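One structure is given below, encoded as structure tokens.
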Amino acid sequence: MEGALSLAIPLNVGQSLTIIPNSDKVVHWQANKPDGHWFFVELDLFNFNVTKTDNYELAQRLSEILSATRILSKDFLTSGIGYNVVTDLEFDPDFGFGTSSTLIANIASWANVDAYKLLDLTFGGSGYDIACASSKNPIVFQRIGDSINVSDVSFDPVFKKNLYFVYLGKKQNSTNSISHFKKHSNFTSVDVDAISAITKELLITSELAEFEALLAEHESIMESILNIPTAKSLYFKDYPGIIKSLGAWGGDFVMLTNHYTEKEFRNLLQEGGFDTVFSYDSLVM
């Protein structure tokens with residue numbers, strides 16, 4: 001959000017959007033998640049008011065996104081033709097894997113509008129997740145003001161068998177986290193440059209120990225900037241590897257480096273109450 005060069009890697013799960021015209025002159029929206037129905041909403045075409053739903057909070061958020069889309073494209077859904085829309089999410093919405101960003105990217109594609117501008121009008125944030133939503137390769141992302149630069153990079157670490165992603169079970173609200181950052185973060189250009197330098201080193205290191213040292217430095221810098229304790233100090237105090245917070249600090253997922261056998265590692269996590277664990281290759285595209 002403040003210009004640091006960032007490494008981001010798309011996942012092998014996402015969200016699809018299927019659109020079929022109907023004669024009802026309304027938008028029927030069915031959202032599904034991996035275990036089935038998530039929510040349903042019916043919206044009028046005039047101003048996207050919610051007329052029927054089984055989850056008003058999510059329905060209202062969707063209404064706001066469609067209204068913002070029309071700000072960017074005044075002809076969006078103004079022909080009088082209604083639609084049956086189905087979204088299929090391939091992951092648990094509590095995981096923070098990009099429920100909002102994949103939706104924004106899909107709706108922007110449908111309306112032929114700039115996904116980053118749509119993000120700015122809705123959830124806010126840097127837009128790195130929007131870049132990931134439309135990428136099939138690891139990327140470096142940098143946003144300086146309104147200028148966004150995204151480049152494909154090669155990132156396939158030789159030690160990836162030692163990398164795991166663990167769900168903390170403490171879902172964070174991205175909008176609230178962004179607000180916290182804007183109000184309470186304390187940093188200088190030196191910190192921004194330090195984060196950028198770490199990203200560049202992460203792309204070229206072939207040693208797990210060096211990778212861990214870089215992540216530890218990153219966590220230390222961010223702890224100071226955000227004034228929020230690291231995930232390691234909160235949940236993994238005696239763990240010998242490195243724990244890297246991902247997404248909004250304090251919840252969602254962390255990345256762990258593992259020096260145990262697979263069985264020992266998973267048993268250790270289960271003893272700590274962490275049951276949702278993904279290996280690097282099982283999750284990364």
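Each chain in the structure tokens gets a letter, A, B and so on, in the order shown; residues start at 1 in every chain, and ligands are counted from 1 in the order they appear.
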Which residues of stretch 168-253 of chain A have any atom within 10 Å of an atom in stretch 260-276 of chain A when counting only C-alpha atoms, and what is the closest pair of atoms for each, with the distance in Å to one decimal? Order the rows by chain and rising number and write it as CSV.
residue,atom,partner,partner_atom,distance
A:Leu168,CA,A:Phe274,CA,6.8
A:Gly169,CA,A:Phe274,CA,8.2
A:Tyr235,CA,A:Gly272,CA,8.4
A:Phe236,CA,A:Gly272,CA,8.6
A:Tyr239,CA,A:Leu268,CA,9.6
A:Pro240,CA,A:Tyr260,CA,9.8
A:Gly241,CA,A:Tyr260,CA,9.6
A:Phe253,CA,A:Thr276,CA,9.5
For stretch 13-29 of chain A: contacts at 7 Å, only C-alpha atoms, fewer than 5 positions along chain excluded, given as a ChimeraX atom specification: /A:40-45,80-91,102,106
Enumerate as a PyMOL selection string all residues of stretch 189-236 of chain A assigned to alpha helix (DSSP H) by DSSP on the backbone, naming them with the chain letters and numbers the document uses. chain A and resi 189-204+208-226+231-235
List as number ranges by chain the protein and nucleic acid residues near A:Tyr128, meaning an atom at most 8 Å away when only C-alpha atoms are counted, but skip any in the same chain fewer than 2 places from it. A: 8, 126, 130-132, 141-142
Next, the residues of the selection above should be written as a PDB file, in the first residue's frame with N, CA, C and O atoms.
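Below you can see selection.pdb, which holds the result:
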ATOM      1  N   ALA A   8       4.096 -12.107  -4.578  1.00  0.00           N
ATOM      2  CA  ALA A   8       2.773 -12.716  -4.411  1.00  0.00           C
ATOM      3  C   ALA A   8       2.661 -13.930  -5.320  1.00  0.00           C
ATOM      4  O   ALA A   8       3.189 -13.926  -6.439  1.00  0.00           O
ATOM      5  N   SER A 126      -4.153  -2.475  -1.637  1.00  0.00           N
ATOM      6  CA  SER A 126      -3.111  -2.214  -2.634  1.00  0.00           C
ATOM      7  C   SER A 126      -3.480  -2.725  -4.022  1.00  0.00           C
ATOM      8  O   SER A 126      -3.148  -2.123  -5.033  1.00  0.00           O
ATOM      9  N   ILE A 130      -5.749  -8.569  -6.515  1.00  0.00           N
ATOM     10  CA  ILE A 130      -6.378  -8.465  -7.830  1.00  0.00           C
ATOM     11  C   ILE A 130      -5.397  -8.949  -8.897  1.00  0.00           C
ATOM     12  O   ILE A 130      -5.775  -9.660  -9.840  1.00  0.00           O
ATOM     13  N   ALA A 131      -4.136  -8.577  -8.750  1.00  0.00           N
ATOM     14  CA  ALA A 131      -3.104  -9.027  -9.695  1.00  0.00           C
ATOM     15  C   ALA A 131      -2.992 -10.542  -9.679  1.00  0.00           C
ATOM     16  O   ALA A 131      -2.869 -11.190 -10.723  1.00  0.00           O
ATOM     17  N   CYS A 132      -3.053 -11.129  -8.489  1.00  0.00           N
ATOM     18  CA  CYS A 132      -2.965 -12.590  -8.371  1.00  0.00           C
ATOM     19  C   CYS A 132      -4.176 -13.273  -8.996  1.00  0.00           C
ATOM     20  O   CYS A 132      -4.055 -14.358  -9.578  1.00  0.00           O
ATOM     21  N   PHE A 141       4.850  -7.266  -7.237  1.00  0.00           N
ATOM     22  CA  PHE A 141       3.820  -6.239  -7.312  1.00  0.00           C
ATOM     23  C   PHE A 141       4.316  -4.987  -6.612  1.00  0.00           C
ATOM     24  O   PHE A 141       4.925  -5.063  -5.541  1.00  0.00           O
ATOM     25  N   GLN A 142       4.066  -3.852  -7.234  1.00  0.00           N
ATOM     26  CA  GLN A 142       4.428  -2.594  -6.595  1.00  0.00           C
ATOM     27  C   GLN A 142       3.398  -1.533  -6.953  1.00  0.00           C
ATOM     28  O   GLN A 142       3.080  -1.329  -8.126  1.00  0.00           O
TER      29      GLN A 142
END
Which stretch 53-146 of chain A residues have any atom within 12 Å of an atom of stretch 177-196 of chain A, and for each, what is the nearest pair of atoms with distance in Å to one decimal, counting only C-alpha atoms, rows sorted by chain and number, as a Markdown table?
| residue | atom | partner | partner_atom | distance |
| --- | --- | --- | --- | --- |
| A:Phe123 | CA | A:Ile178 | CA | 9.2 |
| A:Gly124 | CA | A:Ile178 | CA | 7.8 |
| A:Gly125 | CA | A:Ile178 | CA | 6.5 |
| A:Ser126 | CA | A:Ile178 | CA | 9.3 |
| A:Gly127 | CA | A:Ile178 | CA | 11.9 |
| A:Val140 | CA | A:Ser196 | CA | 10.0 |
| A:Phe141 | CA | A:Ser196 | CA | 10.2 |
| A:Gln142 | CA | A:Ser196 | CA | 9.2 |
| A:Arg143 | CA | A:Val192 | CA | 11.8 |
| A:Ile144 | CA | A:Val192 | CA | 11.2 |
Mind giving me the straight-line distance from atom CA of A:Thr205 to atom CA of A:Thr257 in Å, one decimal? 14.8 Å
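Counting from atom CA of A:Pro229, the distance to atom CA of A:Ser174 is 17.8 Å.
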Run DSSP on the backbone of this structure and report the residues of stretch 180-254 of chain A it assigns to strand (DSSP E), as a CSV table (one decimal) with N, CA and C atoms, in the first residue's frame.
chain,number,residue,atom,x,y,z
A,243,ILE,N,7.9,-18.5,11.3
A,243,ILE,CA,6.5,-18.3,11.1
A,243,ILE,C,6.3,-16.9,10.4
A,244,LYS,N,5.7,-16.9,9.2
A,244,LYS,CA,5.5,-15.7,8.5
A,244,LYS,C,4.0,-15.4,8.3
A,245,SER,N,3.6,-14.3,8.9
A,245,SER,CA,2.2,-13.9,8.7
A,245,SER,C,1.8,-13.6,7.3
A,253,PHE,N,-4.0,-17.2,7.5
A,253,PHE,CA,-2.9,-18.2,7.4
A,253,PHE,C,-1.5,-17.6,7.7
A,254,VAL,N,-0.7,-18.5,8.2
A,254,VAL,CA,0.8,-18.2,8.3
A,254,VAL,C,1.5,-19.3,7.5
Interatomic distance between atom CA of A:Glu2 and atom CA of A:Ala209?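 According to the coordinates, atom CA of A:Glu2 and atom CA of A:Ala209 are separated by 28.4 Å.
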Set out as a Markdown table a contact list for stretch 95-210 of chain A and stretch 58-77 of chain A with a cut-off of 9 Å, giving each residue of stretch 95-210 of chain A that qualifies its closest atom pair and distance in Å to one decimal, counting only C-alpha atoms, ordered by chain and rising residue number.
| residue | atom | partner | partner_atom | distance |
| --- | --- | --- | --- | --- |
| A:Ile104 | CA | A:Ile65 | CA | 7.9 |
| A:Ile107 | CA | A:Thr69 | CA | 7.9 |
| A:Ala108 | CA | A:Thr69 | CA | 7.3 |
| A:Ala111 | CA | A:Phe76 | CA | 6.2 |
| A:Asn112 | CA | A:Ser73 | CA | 8.0 |
| A:Val113 | CA | A:Leu72 | CA | 6.5 |
| A:Asp114 | CA | A:Leu72 | CA | 8.1 |
| A:Lys117 | CA | A:Leu72 | CA | 8.0 |
| A:Leu118 | CA | A:Thr69 | CA | 6.4 |
| A:Leu119 | CA | A:Ile65 | CA | 8.8 |
| A:Leu121 | CA | A:Ala68 | CA | 6.2 |
| A:Thr122 | CA | A:Ile65 | CA | 6.2 |
| A:Phe123 | CA | A:Ile65 | CA | 9.0 |
Resulting file, chosen residues, all heavy atoms, as an mmCIF file, in the first residue's frame:
data_model
loop_
_atom_site.group_PDB
_atom_site.id
_atom_site.type_symbol
_atom_site.label_atom_id
_atom_site.label_comp_id
_atom_site.auth_asym_id
_atom_site.auth_seq_id
_atom_site.Cartn_x
_atom_site.Cartn_y
_atom_site.Cartn_z
ATOM 1 N N ILE A 104 -14.168 -9.416 -7.381
ATOM 2 C CA ILE A 104 -13.929 -8.120 -8.019
ATOM 3 C C ILE A 104 -13.336 -8.312 -9.408
ATOM 4 O O ILE A 104 -13.763 -7.678 -10.387
ATOM 5 C CB ILE A 104 -12.999 -7.250 -7.154
ATOM 6 C CG1 ILE A 104 -13.693 -6.823 -5.862
ATOM 7 C CG2 ILE A 104 -12.501 -6.031 -7.939
ATOM 8 C CD1 ILE A 104 -14.827 -5.847 -6.055
ATOM 9 N N ILE A 107 -16.122 -9.695 -11.792
ATOM 10 C CA ILE A 107 -17.141 -8.696 -12.142
ATOM 11 C C ILE A 107 -16.536 -7.631 -13.054
ATOM 12 O O ILE A 107 -17.183 -7.175 -14.010
ATOM 13 C CB ILE A 107 -17.742 -8.069 -10.870
ATOM 14 C CG1 ILE A 107 -18.581 -9.109 -10.117
ATOM 15 C CG2 ILE A 107 -18.602 -6.849 -11.219
ATOM 16 C CD1 ILE A 107 -19.144 -8.628 -8.796
ATOM 17 N N ALA A 108 -15.313 -7.230 -12.793
ATOM 18 C CA ALA A 108 -14.643 -6.243 -13.645
ATOM 19 C C ALA A 108 -14.491 -6.775 -15.062
ATOM 20 O O ALA A 108 -14.677 -6.033 -16.043
ATOM 21 C CB ALA A 108 -13.280 -5.889 -13.058
ATOM 22 N N ALA A 111 -17.930 -6.640 -16.764
ATOM 23 C CA ALA A 111 -18.344 -5.287 -17.121
ATOM 24 C C ALA A 111 -17.322 -4.558 -17.987
ATOM 25 O O ALA A 111 -17.579 -3.436 -18.438
ATOM 26 C CB ALA A 111 -18.594 -4.481 -15.857
ATOM 27 N N ASN A 112 -16.177 -5.195 -18.196
ATOM 28 C CA ASN A 112 -15.093 -4.583 -18.971
ATOM 29 C C ASN A 112 -14.647 -3.253 -18.358
ATOM 30 O O ASN A 112 -14.552 -2.230 -19.031
ATOM 31 C CB ASN A 112 -15.508 -4.377 -20.435
ATOM 32 C CG ASN A 112 -14.315 -4.085 -21.343
ATOM 33 O OD1 ASN A 112 -13.193 -4.499 -21.056
ATOM 34 N ND2 ASN A 112 -14.545 -3.365 -22.418
ATOM 35 N N VAL A 113 -14.386 -3.295 -17.041
ATOM 36 C CA VAL A 113 -13.886 -2.118 -16.329
ATOM 37 C C VAL A 113 -12.559 -2.472 -15.663
ATOM 38 O O VAL A 113 -12.177 -3.639 -15.562
ATOM 39 C CB VAL A 113 -14.888 -1.615 -15.266
ATOM 40 C CG1 VAL A 113 -16.210 -1.234 -15.918
ATOM 41 C CG2 VAL A 113 -15.113 -2.658 -14.171
ATOM 42 N N ASP A 114 -11.850 -1.459 -15.205
ATOM 43 C CA ASP A 114 -10.554 -1.631 -14.545
ATOM 44 C C ASP A 114 -10.778 -2.237 -13.159
ATOM 45 O O ASP A 114 -11.423 -1.623 -12.300
ATOM 46 C CB ASP A 114 -9.852 -0.279 -14.436
ATOM 47 C CG ASP A 114 -8.431 -0.386 -13.913
ATOM 48 O OD1 ASP A 114 -8.205 -1.122 -12.945
ATOM 49 O OD2 ASP A 114 -7.540 0.297 -14.476
ATOM 50 N N LYS A 117 -9.591 -0.079 -10.205
ATOM 51 C CA LYS A 117 -10.485 1.037 -9.895
ATOM 52 C C LYS A 117 -11.724 0.544 -9.156
ATOM 53 O O LYS A 117 -12.224 1.216 -8.240
ATOM 54 C CB LYS A 117 -10.881 1.768 -11.176
ATOM 55 C CG LYS A 117 -9.737 2.538 -11.821
ATOM 56 C CD LYS A 117 -10.201 3.274 -13.078
ATOM 57 C CE LYS A 117 -9.037 4.052 -13.708
ATOM 58 N NZ LYS A 117 -9.464 4.750 -14.953
ATOM 59 N N LEU A 118 -12.207 -0.632 -9.544
ATOM 60 C CA LEU A 118 -13.364 -1.194 -8.849
ATOM 61 C C LEU A 118 -12.997 -1.543 -7.408
ATOM 62 O O LEU A 118 -13.786 -1.325 -6.490
ATOM 63 C CB LEU A 118 -13.871 -2.439 -9.586
ATOM 64 C CG LEU A 118 -15.133 -3.095 -9.034
ATOM 65 C CD1 LEU A 118 -16.290 -2.103 -8.941
ATOM 66 C CD2 LEU A 118 -15.536 -4.303 -9.890
ATOM 67 N N LEU A 119 -11.795 -2.057 -7.210
ATOM 68 C CA LEU A 119 -11.319 -2.346 -5.850
ATOM 69 C C LEU A 119 -11.272 -1.064 -5.024
ATOM 70 O O LEU A 119 -11.712 -1.044 -3.868
ATOM 71 C CB LEU A 119 -9.937 -2.984 -5.901
ATOM 72 C CG LEU A 119 -9.312 -3.307 -4.537
ATOM 73 C CD1 LEU A 119 -10.024 -4.489 -3.889
ATOM 74 C CD2 LEU A 119 -7.820 -3.598 -4.670
ATOM 75 N N LEU A 121 -13.053 1.511 -5.258
ATOM 76 C CA LEU A 121 -14.396 1.984 -4.942
ATOM 77 C C LEU A 121 -15.126 1.076 -3.946
ATOM 78 O O LEU A 121 -16.199 1.443 -3.456
ATOM 79 C CB LEU A 121 -15.234 2.084 -6.223
ATOM 80 C CG LEU A 121 -14.873 3.200 -7.202
ATOM 81 C CD1 LEU A 121 -15.744 3.104 -8.463
ATOM 82 C CD2 LEU A 121 -15.050 4.575 -6.555
ATOM 83 N N THR A 122 -14.549 -0.083 -3.668
ATOM 84 C CA THR A 122 -15.249 -1.053 -2.813
ATOM 85 C C THR A 122 -14.431 -1.405 -1.566
ATOM 86 O O THR A 122 -14.587 -0.772 -0.528
ATOM 87 C CB THR A 122 -15.588 -2.317 -3.620
ATOM 88 O OG1 THR A 122 -14.400 -2.810 -4.285
ATOM 89 C CG2 THR A 122 -16.656 -2.019 -4.666
ATOM 90 N N PHE A 123 -13.537 -2.380 -1.671
ATOM 91 C CA PHE A 123 -12.819 -2.870 -0.497
ATOM 92 C C PHE A 123 -11.570 -2.060 -0.175
ATOM 93 O O PHE A 123 -11.120 -2.037 0.965
ATOM 94 C CB PHE A 123 -12.428 -4.341 -0.702
ATOM 95 C CG PHE A 123 -13.598 -5.257 -0.831
ATOM 96 C CD1 PHE A 123 -14.062 -5.646 -2.085
ATOM 97 C CD2 PHE A 123 -14.264 -5.733 0.285
ATOM 98 C CE1 PHE A 123 -15.154 -6.498 -2.217
ATOM 99 C CE2 PHE A 123 -15.353 -6.581 0.178
ATOM 100 C CZ PHE A 123 -15.800 -6.959 -1.083
#
Could you list, as a VMD selection string, every residue within 7 Å of A:Val277, counting only C-alpha atoms and ignoring same-chain residues fewer than 4 positions away? chain A and resid 164 to 167
Do you know which residues are at most 12 Å from A:Glu201 counting only C-alpha atoms, after dropping those on the same chain fewer than 4 positions away, and could you put them as a PyMOL selection string? chain A and resi 5-7+155+194-197+205-207+210-215+217-218
Output C-alpha atoms for every residue in that selection, as a short mmCIF file (atom, residue, chain, number, x, y, z; two decimals), in the first residue's frame.
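And here is the file that came out, selection10.cif:
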data_model
loop_
_atom_site.label_atom_id
_atom_site.label_comp_id
_atom_site.auth_asym_id
_atom_site.auth_seq_id
_atom_site.Cartn_x
_atom_site.Cartn_y
_atom_site.Cartn_z
CA LEU A 5 8.02 -4.31 -3.71
CA SER A 6 6.01 -7.43 -2.86
CA LEU A 7 6.15 -11.09 -3.84
CA PHE A 155 9.86 -18.46 -7.82
CA ALA A 194 14.06 -2.57 3.52
CA ILE A 195 10.94 -4.56 2.63
CA SER A 196 11.67 -4.13 -1.09
CA ALA A 197 15.23 -5.35 -0.55
CA THR A 205 18.10 -17.29 -2.39
CA SER A 206 18.57 -21.04 -2.69
CA GLU A 207 19.26 -21.70 0.99
CA GLU A 210 18.85 -17.54 4.37
CA PHE A 211 15.17 -17.64 3.40
CA GLU A 212 14.26 -17.98 7.08
CA ALA A 213 16.54 -15.10 8.07
CA LEU A 214 14.87 -12.86 5.50
CA LEU A 215 11.40 -13.79 6.73
CA GLU A 217 13.69 -9.72 9.37
CA HIS A 218 10.42 -9.02 7.53
#
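Nearest residue to A:Asp252 among A:Pro157, A:Gly145, A:Gly96, A:Pro34 is A:Gly96, counting only C-alpha atoms.
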